[in-house]
file final.cif (mmCIF, C-alpha atoms; chains and numbers go by the auth columns)
data_data
#
loop_
_atom_site.group_PDB
_atom_site.id
_atom_site.type_symbol
_atom_site.label_atom_id
_atom_site.label_comp_id
_atom_site.label_asym_id
_atom_site.label_seq_id
_atom_site.Cartn_x
_atom_site.Cartn_y
_atom_site.Cartn_z
_atom_site.B_iso_or_equiv
_atom_site.auth_seq_id
_atom_site.auth_asym_id
ATOM 1 C CA MET A 1 102.873 1.627 22.802 0.00 206 A
ATOM 2 C CA LYS A 2 103.842 -1.746 24.139 0.00 207 A
ATOM 3 C CA LEU A 3 104.463 -4.645 21.750 0.00 208 A
ATOM 4 C CA LEU A 4 104.395 -8.272 22.899 0.00 209 A
ATOM 5 C CA TYR A 5 105.393 -11.430 21.022 0.00 210 A
ATOM 6 C CA PHE A 6 104.646 -15.039 21.876 0.00 211 A
ATOM 7 C CA ALA A 7 105.674 -18.571 20.850 0.00 212 A
ATOM 8 C CA TRP A 8 107.592 -18.780 17.524 0.00 213 A
ATOM 9 C CA VAL A 9 106.941 -15.094 16.821 0.00 214 A
ATOM 10 C CA ARG A 10 108.928 -14.256 19.966 0.00 215 A
ATOM 11 C CA GLN A 11 111.617 -16.794 19.027 0.00 216 A
ATOM 12 C CA ALA A 12 112.029 -15.347 15.534 0.00 217 A
ATOM 13 C CA ILE A 13 112.247 -11.758 16.788 0.00 218 A
ATOM 14 C CA GLY A 14 114.406 -12.562 19.795 0.00 219 A
ATOM 15 C CA VAL A 15 112.586 -10.393 22.361 0.00 220 A
ATOM 16 C CA SER A 16 109.295 -10.931 24.198 0.00 221 A
ATOM 17 C CA GLU A 17 108.352 -7.256 24.491 0.00 222 A
ATOM 18 C CA GLU A 18 109.413 -3.766 23.503 0.00 223 A
ATOM 19 C CA THR A 19 108.138 -0.215 23.492 0.00 224 A
ATOM 20 C CA PHE A 20 107.385 1.395 20.160 0.00 225 A
ATOM 21 C CA ASP A 21 106.660 5.018 19.211 0.00 226 A
ATOM 22 C CA LEU A 22 103.656 4.677 16.949 0.00 227 A
ATOM 23 C CA PRO A 23 104.116 6.827 13.814 0.00 228 A
ATOM 24 C CA ASP A 24 101.120 9.005 12.871 0.00 229 A
ATOM 25 C CA ASP A 25 100.615 7.189 9.576 0.00 230 A
ATOM 26 C CA ILE A 26 100.005 3.789 11.220 0.00 231 A
ATOM 27 C CA ARG A 27 96.380 3.349 12.192 0.00 232 A
ATOM 28 C CA THR A 28 95.725 -0.395 12.057 0.00 233 A
ATOM 29 C CA VAL A 29 97.206 -3.625 13.381 0.00 234 A
ATOM 30 C CA GLY A 30 97.980 -4.663 9.789 0.00 235 A
ATOM 31 C CA ALA A 31 99.858 -1.438 9.026 0.00 236 A
ATOM 32 C CA LEU A 32 101.831 -1.893 12.239 0.00 237 A
ATOM 33 C CA ALA A 33 102.693 -5.475 11.245 0.00 238 A
ATOM 34 C CA GLU A 34 103.898 -4.243 7.831 0.00 239 A
ATOM 35 C CA ARG A 35 106.107 -1.626 9.474 0.00 240 A
ATOM 36 C CA LEU A 36 107.611 -4.243 11.800 0.00 241 A
ATOM 37 C CA ARG A 37 108.198 -6.630 8.881 0.00 242 A
ATOM 38 C CA ALA A 38 110.143 -3.867 7.107 0.00 243 A
ATOM 39 C CA ARG A 39 112.717 -3.919 9.919 0.00 244 A
ATOM 40 C CA GLY A 40 114.086 -7.101 8.313 0.00 245 A
ATOM 41 C CA GLY A 41 115.952 -9.915 10.066 0.00 246 A
ATOM 42 C CA GLY A 42 113.886 -11.818 12.624 0.00 247 A
ATOM 43 C CA TYR A 43 110.984 -9.388 12.118 0.00 248 A
ATOM 44 C CA ALA A 44 110.857 -10.188 8.412 0.00 249 A
ATOM 45 C CA SER A 45 110.575 -13.909 9.102 0.00 250 A
ATOM 46 C CA ALA A 46 108.106 -13.514 11.999 0.00 251 A
ATOM 47 C CA PHE A 47 105.827 -11.298 9.876 0.00 252 A
ATOM 48 C CA ALA A 48 106.415 -13.076 6.550 0.00 253 A
ATOM 49 C CA GLU A 49 102.854 -14.415 6.323 0.00 254 A
ATOM 50 C CA PHE A 50 100.104 -12.484 8.090 0.00 255 A
ATOM 51 C CA GLY A 51 97.795 -15.481 7.575 0.00 256 A
ATOM 52 C CA ARG A 52 99.861 -17.404 10.134 0.00 257 A
ATOM 53 C CA LEU A 53 99.551 -14.643 12.750 0.00 258 A
ATOM 54 C CA ARG A 54 96.912 -13.498 15.198 0.00 259 A
ATOM 55 C CA ALA A 55 96.779 -10.238 17.155 0.00 260 A
ATOM 56 C CA ALA A 56 95.344 -8.807 20.340 0.00 261 A
ATOM 57 C CA VAL A 57 94.919 -5.159 21.306 0.00 262 A
ATOM 58 C CA ASN A 58 94.696 -4.502 25.035 0.00 263 A
ATOM 59 C CA GLN A 59 94.284 -8.233 25.736 0.00 264 A
ATOM 60 C CA GLU A 60 91.412 -8.781 23.294 0.00 265 A
ATOM 61 C CA HIS A 61 91.539 -10.722 20.019 0.00 266 A
ATOM 62 C CA VAL A 62 91.235 -8.392 17.013 0.00 267 A
ATOM 63 C CA PRO A 63 91.390 -8.698 13.200 0.00 268 A
ATOM 64 C CA PHE A 64 94.302 -7.048 11.365 0.00 269 A
ATOM 65 C CA ASP A 65 92.088 -4.159 10.215 0.00 270 A
ATOM 66 C CA ALA A 66 91.421 -3.146 13.847 0.00 271 A
ATOM 67 C CA PRO A 67 92.599 0.333 14.900 0.00 272 A
ATOM 68 C CA VAL A 68 95.650 0.918 17.091 0.00 273 A
ATOM 69 C CA GLY A 69 96.560 3.934 19.226 0.00 274 A
ATOM 70 C CA THR A 70 99.625 5.296 21.012 0.00 275 A
ATOM 71 C CA ASN A 71 98.838 3.842 24.430 0.00 276 A
ATOM 72 C CA ASP A 72 97.738 0.384 23.304 0.00 277 A
ATOM 73 C CA GLU A 73 99.292 -2.933 24.207 0.00 278 A
ATOM 74 C CA VAL A 74 99.508 -4.922 20.966 0.00 279 A
ATOM 75 C CA ALA A 75 100.427 -8.611 20.914 0.00 280 A
ATOM 76 C CA PHE A 76 101.327 -10.783 17.914 0.00 281 A
ATOM 77 C CA PHE A 77 101.263 -14.564 18.143 0.00 282 A
ATOM 78 C CA PRO A 78 100.469 -17.781 16.241 0.00 283 A
ATOM 79 C CA PRO A 79 96.992 -19.350 16.436 0.00 284 A
ATOM 80 C CA VAL A 80 96.613 -20.616 20.010 0.00 285 A
ATOM 81 C CA THR A 81 97.256 -24.266 20.933 0.00 286 A
ATOM 82 C CA GLY A 82 96.341 -24.572 24.612 0.00 287 A
ATOM 83 C CA GLY A 83 93.886 -26.904 26.302 0.00 288 A
ATOM 84 C CA MET B 1 77.229 -18.201 39.256 0.00 11 B
ATOM 85 C CA ILE B 2 80.497 -18.890 41.025 0.00 12 B
ATOM 86 C CA ALA B 3 83.546 -18.951 38.752 0.00 13 B
ATOM 87 C CA GLU B 4 87.051 -19.972 39.691 0.00 14 B
ATOM 88 C CA ILE B 5 89.839 -19.626 37.133 0.00 15 B
ATOM 89 C CA ARG B 6 93.433 -20.582 37.891 0.00 16 B
ATOM 90 C CA ILE B 7 96.552 -20.603 35.737 0.00 17 B
ATOM 91 C CA GLY B 8 99.886 -21.842 37.033 0.00 18 B
ATOM 92 C CA GLU B 9 102.505 -24.538 37.189 0.00 19 B
ATOM 93 C CA CYS B 10 100.791 -26.471 39.997 0.00 20 B
ATOM 94 C CA ASP B 11 99.127 -29.816 39.366 0.00 21 B
ATOM 95 C CA PHE B 12 95.493 -30.262 40.469 0.00 22 B
ATOM 96 C CA ASP B 13 93.398 -32.992 42.084 0.00 23 B
ATOM 97 C CA ALA B 14 90.415 -33.422 39.763 0.00 24 B
ATOM 98 C CA GLY B 15 88.353 -35.277 42.387 0.00 25 B
ATOM 99 C CA ALA B 16 88.943 -32.666 45.086 0.00 26 B
ATOM 100 C CA GLU B 17 88.211 -29.819 42.646 0.00 27 B
ATOM 101 C CA THR B 18 84.950 -31.491 41.582 0.00 28 B
ATOM 102 C CA GLU B 19 83.798 -31.891 45.192 0.00 29 B
ATOM 103 C CA ALA B 20 84.867 -28.343 46.077 0.00 30 B
ATOM 104 C CA LEU B 21 82.802 -26.971 43.177 0.00 31 B
ATOM 105 C CA ALA B 22 79.754 -29.034 44.187 0.00 32 B
ATOM 106 C CA ARG B 23 80.035 -27.766 47.782 0.00 33 B
ATOM 107 C CA ARG B 24 80.424 -24.125 46.686 0.00 34 B
ATOM 108 C CA CYS B 25 77.293 -24.403 44.562 0.00 35 B
ATOM 109 C CA GLU B 26 75.208 -25.750 47.463 0.00 36 B
ATOM 110 C CA GLY B 27 73.291 -28.585 45.881 0.00 37 B
ATOM 111 C CA PRO B 28 73.750 -28.792 42.114 0.00 38 B
ATOM 112 C CA GLY B 29 71.998 -31.666 40.344 0.00 39 B
ATOM 113 C CA ALA B 30 74.963 -32.247 38.029 0.00 40 B
ATOM 114 C CA VAL B 31 78.678 -31.579 37.783 0.00 41 B
ATOM 115 C CA THR B 32 80.473 -32.455 34.546 0.00 42 B
ATOM 116 C CA THR B 33 84.256 -32.440 34.328 0.00 43 B
ATOM 117 C CA PHE B 34 86.905 -32.610 31.645 0.00 44 B
ATOM 118 C CA VAL B 35 90.576 -33.390 32.260 0.00 45 B
ATOM 119 C CA GLY B 36 93.124 -32.932 29.453 0.00 46 B
ATOM 120 C CA TYR B 37 96.434 -34.820 29.629 0.00 47 B
ATOM 121 C CA VAL B 38 99.730 -34.734 27.760 0.00 48 B
ATOM 122 C CA ARG B 39 99.327 -37.643 25.318 0.00 49 B
ATOM 123 C CA ALA B 40 101.886 -40.432 25.395 0.00 50 B
ATOM 124 C CA GLU B 41 103.252 -40.532 21.847 0.00 51 B
ATOM 125 C CA PRO B 42 106.362 -42.270 20.500 0.00 52 B
ATOM 126 C CA GLY B 43 109.292 -39.864 20.634 0.00 53 B
ATOM 127 C CA LEU B 44 107.521 -37.199 22.714 0.00 54 B
ATOM 128 C CA THR B 45 109.577 -36.421 25.805 0.00 55 B
ATOM 129 C CA SER B 46 108.033 -33.177 27.086 0.00 56 B
ATOM 130 C CA LEU B 47 105.525 -30.448 26.390 0.00 57 B
ATOM 131 C CA THR B 48 106.078 -26.825 27.447 0.00 58 B
ATOM 132 C CA LEU B 49 103.171 -24.410 27.682 0.00 59 B
ATOM 133 C CA GLU B 50 103.544 -20.649 27.595 0.00 60 B
ATOM 134 C CA HIS B 51 100.791 -18.056 27.831 0.00 61 B
ATOM 135 C CA TYR B 52 100.024 -14.356 27.680 0.00 62 B
ATOM 136 C CA PRO B 53 99.516 -13.755 31.400 0.00 63 B
ATOM 137 C CA ALA B 54 97.712 -10.414 31.134 0.00 64 B
ATOM 138 C CA MET B 55 95.215 -11.889 28.670 0.00 65 B
ATOM 139 C CA SER B 56 94.746 -15.601 29.426 0.00 66 B
ATOM 140 C CA GLU B 57 92.736 -15.227 32.623 0.00 67 B
ATOM 141 C CA ARG B 58 90.651 -12.369 31.183 0.00 68 B
ATOM 142 C CA GLU B 59 89.945 -14.373 28.036 0.00 69 B
ATOM 143 C CA MET B 60 88.853 -17.430 30.019 0.00 70 B
ATOM 144 C CA SER B 61 86.631 -15.202 32.212 0.00 71 B
ATOM 145 C CA ARG B 62 84.942 -13.968 29.045 0.00 72 B
ATOM 146 C CA HIS B 63 84.303 -17.588 27.983 0.00 73 B
ATOM 147 C CA VAL B 64 82.796 -18.410 31.372 0.00 74 B
ATOM 148 C CA GLU B 65 80.567 -15.302 31.212 0.00 75 B
ATOM 149 C CA GLU B 66 79.426 -16.308 27.723 0.00 76 B
ATOM 150 C CA ALA B 67 78.649 -19.853 28.929 0.00 77 B
ATOM 151 C CA ALA B 68 76.629 -18.411 31.823 0.00 78 B
ATOM 152 C CA ARG B 69 74.615 -16.325 29.350 0.00 79 B
ATOM 153 C CA ARG B 70 73.786 -19.406 27.283 0.00 80 B
ATOM 154 C CA TRP B 71 73.033 -21.954 29.999 0.00 81 B
ATOM 155 C CA ALA B 72 71.666 -21.868 33.547 0.00 82 B
ATOM 156 C CA LEU B 73 74.874 -22.603 35.442 0.00 83 B
ATOM 157 C CA LEU B 74 75.610 -22.648 39.156 0.00 84 B
ATOM 158 C CA GLY B 75 79.382 -22.677 39.032 0.00 85 B
ATOM 159 C CA VAL B 76 82.464 -23.240 36.895 0.00 86 B
ATOM 160 C CA THR B 77 86.071 -24.142 37.667 0.00 87 B
ATOM 161 C CA VAL B 78 88.759 -23.803 34.996 0.00 88 B
ATOM 162 C CA ILE B 79 92.393 -24.695 35.699 0.00 89 B
ATOM 163 C CA HIS B 80 95.138 -24.469 33.080 0.00 90 B
ATOM 164 C CA ARG B 81 98.720 -25.461 33.735 0.00 91 B
ATOM 165 C CA VAL B 82 101.762 -23.788 32.180 0.00 92 B
ATOM 166 C CA GLY B 83 105.456 -24.690 32.118 0.00 93 B
ATOM 167 C CA ARG B 84 107.155 -27.970 31.325 0.00 94 B
ATOM 168 C CA LEU B 85 105.009 -31.118 31.439 0.00 95 B
ATOM 169 C CA ASN B 86 105.647 -34.784 30.706 0.00 96 B
ATOM 170 C CA PRO B 87 103.502 -37.397 28.918 0.00 97 B
ATOM 171 C CA GLY B 88 100.715 -38.446 31.297 0.00 98 B
ATOM 172 C CA ASP B 89 100.672 -35.106 33.146 0.00 99 B
ATOM 173 C CA ARG B 90 97.418 -33.226 33.565 0.00 100 B
ATOM 174 C CA ILE B 91 97.154 -29.978 31.547 0.00 101 B
ATOM 175 C CA VAL B 92 93.646 -28.628 31.880 0.00 102 B
ATOM 176 C CA PHE B 93 90.543 -29.039 34.031 0.00 103 B
ATOM 177 C CA VAL B 94 87.045 -27.745 33.361 0.00 104 B
ATOM 178 C CA ALA B 95 84.148 -28.461 35.715 0.00 105 B
ATOM 179 C CA VAL B 96 80.617 -27.146 35.337 0.00 106 B
ATOM 180 C CA ALA B 97 77.875 -27.340 37.972 0.00 107 B
ATOM 181 C CA ALA B 98 74.210 -26.946 37.050 0.00 108 B
ATOM 182 C CA MET B 99 70.811 -28.105 38.239 0.00 109 B
ATOM 183 C CA HIS B 100 70.519 -30.496 35.279 0.00 110 B
ATOM 184 C CA ARG B 101 72.986 -32.591 33.271 0.00 111 B
ATOM 185 C CA ARG B 102 72.293 -31.161 29.808 0.00 112 B
ATOM 186 C CA GLU B 103 73.413 -27.657 30.734 0.00 113 B
ATOM 187 C CA ALA B 104 76.460 -29.057 32.512 0.00 114 B
ATOM 188 C CA PHE B 105 77.523 -31.273 29.568 0.00 115 B
ATOM 189 C CA GLU B 106 76.990 -28.607 26.912 0.00 116 B
ATOM 190 C CA ALA B 107 78.664 -25.783 28.806 0.00 117 B
ATOM 191 C CA CYS B 108 81.685 -27.991 29.571 0.00 118 B
ATOM 192 C CA GLU B 109 82.150 -28.782 25.859 0.00 119 B
ATOM 193 C CA PHE B 110 81.615 -25.141 24.923 0.00 120 B
ATOM 194 C CA LEU B 111 84.255 -24.004 27.429 0.00 121 B
ATOM 195 C CA MET B 112 86.811 -26.515 26.166 0.00 122 B
ATOM 196 C CA ASP B 113 86.150 -25.603 22.509 0.00 123 B
ATOM 197 C CA TYR B 114 86.560 -21.894 23.301 0.00 124 B
ATOM 198 C CA LEU B 115 89.606 -22.463 25.448 0.00 125 B
ATOM 199 C CA LYS B 116 91.331 -24.483 22.688 0.00 126 B
ATOM 200 C CA THR B 117 90.745 -21.865 20.012 0.00 127 B
ATOM 201 C CA ARG B 118 90.800 -18.531 21.873 0.00 128 B
ATOM 202 C CA ALA B 119 92.704 -18.716 25.170 0.00 129 B
ATOM 203 C CA PRO B 120 96.266 -17.441 24.565 0.00 130 B
ATOM 204 C CA PHE B 121 98.340 -20.545 25.359 0.00 131 B
ATOM 205 C CA TRP B 122 100.975 -22.143 23.109 0.00 132 B
ATOM 206 C CA LYS B 123 102.511 -25.595 23.285 0.00 133 B
ATOM 207 C CA ARG B 124 105.949 -26.618 22.147 0.00 134 B
ATOM 208 C CA GLU B 125 106.994 -30.243 22.076 0.00 135 B
ATOM 209 C CA GLU B 126 110.326 -31.876 22.588 0.00 136 B
ATOM 210 C CA ARG B 127 110.241 -34.787 20.178 0.00 137 B
ATOM 211 C CA ASP B 128 113.244 -37.009 19.483 0.00 138 B
ATOM 212 C CA GLY B 129 115.502 -34.225 20.762 0.00 139 B
ATOM 213 C CA ALA B 130 114.025 -31.525 18.485 0.00 140 B
ATOM 214 C CA VAL B 131 111.813 -28.689 19.722 0.00 141 B
ATOM 215 C CA VAL B 132 108.708 -27.947 17.633 0.00 142 B
ATOM 216 C CA TRP B 133 105.804 -25.578 18.152 0.00 143 B
ATOM 217 C CA VAL B 134 102.443 -27.337 17.999 0.00 144 B
ATOM 218 C CA GLU B 135 100.341 -26.228 15.009 0.00 145 B
ATOM 219 C CA ALA B 136 96.707 -25.237 15.532 0.00 146 B
ATOM 220 C CA LEU B 137 94.234 -27.801 14.164 0.00 147 B
ATOM 221 C CA ASN B 138 91.374 -26.933 11.824 0.00 148 B
ATOM 222 C CA ARG B 139 89.146 -29.446 13.564 0.00 149 B
ATOM 223 C CA ASP B 140 89.458 -27.460 16.814 0.00 150 B
ATOM 224 C CA PHE B 141 88.239 -24.330 15.004 0.00 151 B
ATOM 225 C CA ASP B 142 85.391 -26.314 13.386 0.00 152 B
ATOM 226 C CA ALA B 143 84.410 -27.537 16.867 0.00 153 B
ATOM 227 C CA ALA B 144 84.371 -23.973 18.223 0.00 154 B
ATOM 228 C CA ASN B 145 82.477 -22.603 15.210 0.00 155 B
ATOM 229 C CA ARG B 146 79.487 -24.835 15.826 0.00 156 B
ATOM 230 C CA TRP B 147 78.673 -22.690 18.893 0.00 157 B
ATOM 231 C CA ARG B 148 78.457 -19.526 16.766 0.00 158 B
ATOM 232 C CA ARG B 149 75.159 -17.703 16.725 0.00 159 B
#
call {"tool": "encode", "arguments": {"input": "final.cif", "output": "structure tokens"}}
result
Amino acid sequence: MKLLYFAWVRQAIGVSEETFDLPDDIRTVGALAERLRARGGGYASAFAEFGRLRAAVNQEHVPFDAPVGTNDEVAFFPPVTGG
Amino acid sequence: MIAEIRIGECDFDAGAETEALARRCEGPGAVTTFVGYVRAEPGLTSLTLEHYPAMSEREMSRHVEEAARRWALLGVTVIHRVGRLNPGDRIVFVAVAAMHRREAFEACEFLMDYLKTRAPFWKREERDGAVVWVEALNRDFDAANRWRR
């Protein structure tokens, strides 16, 4: 799967995208976020508070209980501030 | 319904875009427009906008489709700039053409409220030499929620 990070999430982690082999036991966006947080370092600070994060799967906004699959593009970012 | 959605670093001419939309729609009774600017605030030297390119245009297309389901619209133009901007620069343009003003006014507000709360853009400010990410405002989400049904 492809992971994308934007704004301060990207800054904290230090990369804008990466590929990730989705383990069988991860089935939701929230479980994926927990696994990424467990990597520590910049990931731990980026994923410290899920309430400050939003997610998209395949370019559509989703809640953290949404399912994820091996070929998905998953993005994590702060609430949007365009316009 | 004719929709035009553009995202890029280029500035736009709001007057020319308004006329172009009116011409494309061949005789609308009303065109409403909104132009968003970088506010001039003490200490603010620049604003940089980033976006999620694969999603931002798709997301804005979904907003335009939703607006067209709710109101009888003839055409819509949405332009959103990205990159580094200075106070006074234009950021965003929304124009809506319809046969009557009410549809045009309401759909324009709806599109801006959706764009502010759902389109994947992020602003960071350079303020007194420090760089800070702009925080999302609750009032923007309240504004968008009033369109829920």
call {"tool": "interface_residues", "arguments": {"input": "final.cif", "of": "chain A", "to": "chain B", "cutoff": "9 Å", "atoms": "all atoms listed in the file", "output": "number ranges by chain"}}
result
A: 209, 211-213, 261, 263-266, 280, 282-288
call {"tool": "residues_around", "arguments": {"input": "final.cif", "residues": "region 271-273 of chain A", "least_positions_apart": "4", "cutoff": "10 Å", "atoms": "all atoms listed in the file", "output": "list in words"}}
result
Met206, Leu227, Ile231, Arg232, Thr233, Val234, Gly235, Ala236, Leu237, Ala260, Ala261, Val262, Asn263, His266, Val267, Asp277, Glu278 and Val279 of chain A
call {"tool": "resolve_selection", "arguments": {"input": "final.cif", "expression": "the PyMOL selection byres ((chain A and resi 222) around 6)", "output": "list in words"}}
result
Leu208, Leu209, Val220, Ser221 and Glu223 of chain A
call {"tool": "residues_around", "arguments": {"input": "final.cif", "residues": "Glu51 (chain B)", "least_positions_apart": "6", "cutoff": "12 Å", "atoms": "only C-alpha atoms", "output": "list in words"}}
result
Leu57, Asn96, Pro97, Gly98, Glu135, Glu136, Arg137 and Asp138 of chain B
call {"tool": "residues_around", "arguments": {"input": "final.cif", "residues": "Arg242 (chain A)", "least_positions_apart": "6", "cutoff": "6 Å", "atoms": "only C-alpha atoms", "output": "list in words"}}
result
Tyr248, Ala249 and Phe252 of chain A
call {"tool": "write_last_selection", "arguments": {"input": "final.cif", "atoms": "C-alpha atoms", "output": "compact mmCIF listing (two decimals), in the coordinates of the input"}}
result
# COMPACT_ATOMS: atom_id res chain seq x y z
CA TYR A 248 110.98 -9.39 12.12
CA ALA A 249 110.86 -10.19 8.41
CA PHE A 252 105.83 -11.30 9.88
call {"tool": "atom_distance", "arguments": {"input": "final.cif", "atom1": "CA of Arg33 (chain B)", "atom2": "CA of Val74 (chain B)"}}
result
19.1 Å
call {"tool": "closest_residue", "arguments": {"input": "final.cif", "among": "B:Glu76, B:Glu36, B:Asp21, B:Asp99", "to": "Trp157 (chain B)", "atoms": "all atoms listed in the file"}}
result
B:Glu76
call {"tool": "atom_distance", "arguments": {"input": "final.cif", "atom1": "CA of Gly37 (chain B)", "atom2": "CA of Ala24 (chain B)"}}
result
18.8 Å
call {"tool": "closest_residue", "arguments": {"input": "final.cif", "among": "B:Ile15, B:Cys35, B:Val41, B:Ala114", "to": "Leu84 (chain B)", "atoms": "all atoms listed in the file"}}
result
B:Cys35
call {"tool": "resolve_selection", "arguments": {"input": "final.cif", "expression": "the PyMOL selection byres ((chain A and resi 226) around 10)", "output": "PyMOL selection string"}}
result
chain A and resi 206-207+224-225+227-229+275-276
call {"tool": "residues_near_point", "arguments": {"input": "final.cif", "point": "(115.1, -8.9, 13.6)", "cutoff": "8 Å", "atoms": "only C-alpha atoms", "output": "list in words"}}
result
Ala217, Ile218, Gly219, Arg244, Gly245, Gly246, Gly247, Tyr248 and Ala249 of chain A
call {"tool": "resolve_selection", "arguments": {"input": "final.cif", "expression": "the PyMOL selection byres ((chain A and resi 255) around 10)", "output": "VMD selection string"}}
result
chain A and resid 235 238 to 239 251 to 254 256 to 260 269 283
call {"tool": "closest_residue", "arguments": {"input": "final.cif", "among": "B:Trp81, B:Ala140, B:Gly93, B:Gly25", "to": "Phe115 (chain B)", "atoms": "all atoms listed in the file"}}
result
B:Trp81
call {"tool": "atom_distance", "arguments": {"input": "final.cif", "atom1": "CA of His73 (chain B)", "atom2": "CA of Leu31 (chain B)"}}
result
17.9 Å
